[in-house]
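**Q** Pasting in a structure now, in structure tokens, and then I'll have a few things to ask.
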Amino acid sequence: MGSNGQNPMITFKNVSKRYPDGHIALNNIELEVESGEMVFLTGHSGAGKSTLLKLIAAIERPTSGVIAISGQNIAQLKPAAIPYLRRKIGFIFQDHKLLFDRNVFENVLLPLQISDFDNNTAMSRVRAALDKVGLLKKEKVMPITLSGGERQRLCIARAIVHRPAILIADEPTGNLDIEYARDIMAMFKSFNQVGVTILIATHDASLLDGAQYRILSLKQGKLAA
Amino acid sequence: MMRAWLTQHGIVFFYTLKRLVSTPATALLSIIVMGIALSLPTGVYVLMENLQAISGQTAGSPQISLFLKQDAQKEDIDRVQQRLQQDSQIVDYQFVSKDSALIQLQQSSGLTDIAANLTYNPLPHAFVVHTRENTSDSLEQWKLTMQSWPEIAHVQFDSAWVDRLNALLKLGRSAVLMLATLLSIAIVAIMFNTIRLQILTKRDEIEISKLIGATDSFIRRPFLYFGAIQGLCGGITAWFIIAWGIDALNGELIPLTQLYGLEIQLRHLSLQDSGSLLLFSAWLGWLGARISVANHLWQIEPE
């Protein structure tokens with residue numbers, strides 16, 4: 001039970017992940033993230049950050065242990081139930097994963113099409129999301145013409161358009177200038193202020209100014225205290 | 001919810017049309033191949049339907065021979081004639097007296113000797129009747145009715161030609177069925193491969209859709225629409241091929257039938273058959289896509 005008397009948003013109990021080749025990506029992870037919390041996950045590349053994030057969205061399955069999202073154990077989730085778990089989550093990918101044969105607007109529309117939103121609601125939500133990331137004027141543009149920072153913001157717009165309870169970002173400021181990176185961190189802060197639970201994996205220590213957010217440090221598949 | 005669902009299907013439908021139009025050469029080629037494949041069994045079927053209709057029209061009135069009893073008198077003959085006249089199913093009839101039958105027998109080559117040696121005329125009076133009915137079942141019914149008349153000794157009709165035609169048509173139907181089965185499998189295989197290639201080129205889209213919470217049915221939908229629409233287009237092509245073929249054959253038939261004084265025109269596919277053709281072709285395309293999707297989609301899992 002969390003401090004507010006509800007289930008924590010994200011719970012890991014004894015979670016280990018070993019790949020078929022024998023590599024142990026995560027070893028006995030114990031973790032709780034409260035609803036509305038913003039948490040940073042740091043560590044060198046290969047420390048298991050990406051694996052941990054993928055476990056939350058059931059992109060990877062744990063070898064052992066229990067993972068619960070708002071009280072629901074997802075380690076044993078049936079394949080047919082996975083899409084509905086992923087709809088609760090907004091995922092910001094390191095490589096953006098944009099669709100280059102669709103324009104900016106259509107890219108952001110995709111999560112709403114998937115969850116059968118009606119047309120008018122979808123239109124206004126896409127515009128609102130694009131407005132939040134500052135891409136409203138580029139809605140007709142094809143992603144190939146966007147800069148790295150703009151692509152990252154497009155990926156963020158797509159992750160928040162369906163108003164997920166959890167936002168997960170894997171190296172969101174990976175290849176960006178410090179200026180752009182600060183913009184993006186400011187966006188995350190504003191999402192967190194409206195109650196979104198956020199988990200950000202980064203190796204970029206410069207982002208972690210101020211101590212107001214919890215920082216988890218992964219080393220060789222283990223959480224350091 | 002229902003409206004959103006309909007909107008979704010509408011979007012996918014138009015998206016699929018857009019995709020078909022965006023690769024016109026490929027789409028057109030597949031559609032032509034499917035159209036030709038479908039037109040073969042359907043064309044044979046249409047020709048058979050026509051053959052049946054034509055045979056029913058011209059040779060369609062089988063000949064029945066009614067043999068009267070040996071001791072039949074003039075009144076008996078009149079009574080039978082009256083009954084035949086009243087029956088609306090009878091197209092025409094002809095009375096053959098025992099005397100004229102004997103003359104016919106004497107004139108038949110090979111039988112002259114036998115006829116000459118006869119001391120009395122063993123032949124009965126007879127009626128030769130043509131009816132409208134031409135199926136073996138209804139003819140059998142006819143035979144039973146006439147047999148029950150007191151003046152009649154024997155009823156005979158030549159059902160062989162009906163049976164022969166039926167056997168031929170049955171054979172033809174089996175051939176159509178075999179051809180249709182084989183070519184349907186070919187169409188399903190074509191669609192299977194088309195969709196396989198599409199899935200490969202849409203790999204990113206499928207992976208991303210899965211990552212952001214698309215259900216399998218959402219991901220399947222555009223491919224199934226694609227299969228069904230392309231199948232339907234193939235069916236429409238087949239329909240036009242057949243319509244064109246029938247028109248062309250009719251053009252050839254007119255001078256021929258005029259020579260023989262017949263009026264034969266090949267009929268086009270009926271409305272019902274056209275509907276069946278289109279539905280079936282759409283279903284074949286859908287089926288090929290469905291099998292392909294089932295075989296290939298699970299291989300694409302986000303990493």
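Ligands are numbered from 1 in the order shown, residues from 1 within each chain, and chains are lettered A, B, ... in the order they appear in the structure tokens.
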Taking only C-alpha atoms into account, which residues of chain A are within 7 Å of chain B, as a VMD selection string?

**A** chain A and resid 59 83 to 84 86 to 87 97 99 111 114 116 to 118

**Q** Put those residues in a file: C-alpha atoms, as an mmCIF file, in the first residue's frame.

**A**
data_model
loop_
_atom_site.group_PDB
_atom_site.id
_atom_site.type_symbol
_atom_site.label_atom_id
_atom_site.label_comp_id
_atom_site.auth_asym_id
_atom_site.auth_seq_id
_atom_site.Cartn_x
_atom_site.Cartn_y
_atom_site.Cartn_z
ATOM 1 C CA ILE A 59 7.120 -5.481 -24.309
ATOM 2 C CA PRO A 83 -3.097 -3.877 -25.799
ATOM 3 C CA TYR A 84 -5.358 -2.580 -23.018
ATOM 4 C CA ARG A 86 -0.419 -0.389 -23.200
ATOM 5 C CA ARG A 87 -3.268 2.085 -23.645
ATOM 6 C CA LYS A 97 9.293 5.097 -33.816
ATOM 7 C CA LEU A 99 5.525 6.580 -39.156
ATOM 8 C CA PRO A 111 -3.275 6.027 -30.556
ATOM 9 C CA ILE A 114 -6.511 2.374 -32.008
ATOM 10 C CA ASP A 116 -11.836 3.778 -31.197
ATOM 11 C CA PHE A 117 -12.225 7.429 -30.279
ATOM 12 C CA ASP A 118 -14.944 9.252 -32.158
#

**Q** Identify all residues of segment 129-227 of chain B in strand (DSSP E) (DSSP on the backbone) and supply them as a list in words.

**A** Val129, His130, Thr131, Ile152, Ala153, His154, Val155, Gln156 and Phe157 of chain B

**Q** Figure out the distance between atom CA of Asn175 of chain A and atom CA of Lys88 of chain A, please, to one decimal in Å.

**A**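 Atom-to-atom, atom CA of Lys88 of chain A and atom CA of Asn175 of chain A are spaced 27.2 Å apart.
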
**Q** Set the distance at 6 Å and use only C-alpha atoms: which residues neighbour Asn103 of chain A once local chain neighbours fewer than 5 positions away are removed? I'd like the list as a list in words.

**A** Lys140, Val141 and Met142 of chain A

**Q** Can you work out the spacing between atom CA of Gly22 of chain A and atom CA of Ile300 of chain B in Å, to one decimal?

**A** 23.3 Å

**Q** Just to confirm, what's the straight-line distance from atom CA of Arg151 of chain A to atom CA of Leu98 of chain A in Å (one decimal)?

**A**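 Here the two named atoms are 7.9 Å from each other.
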
**Q** I'd like to know which residues of segment 64-265 of chain B are alpha helix (DSSP H) (by DSSP, run on the backbone); could you write them as a ChimeraX atom specification?

**A** /B:74-86,98-107,112-116,136-147,160-201,203-211,216-259

**Q** Find, counting only C-alpha atoms, the residue in A:Arg102, A:Arg163, A:Lys78, A:Arg182 that gets nearest to Tyr15 of chain B.

**A**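 Of A:Arg102, A:Arg163, A:Lys78, A:Arg182, the one nearest Tyr15 of chain B is A:Arg102, counting only C-alpha atoms.
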
**Q** Return the single residue from A:Ala169, A:Phe105, A:His162, A:Arg18 that is closest to Glu139 of chain A, with distances computed using only C-alpha atoms.

**A**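 So, comparing all the options, the nearest one is A:Phe105.
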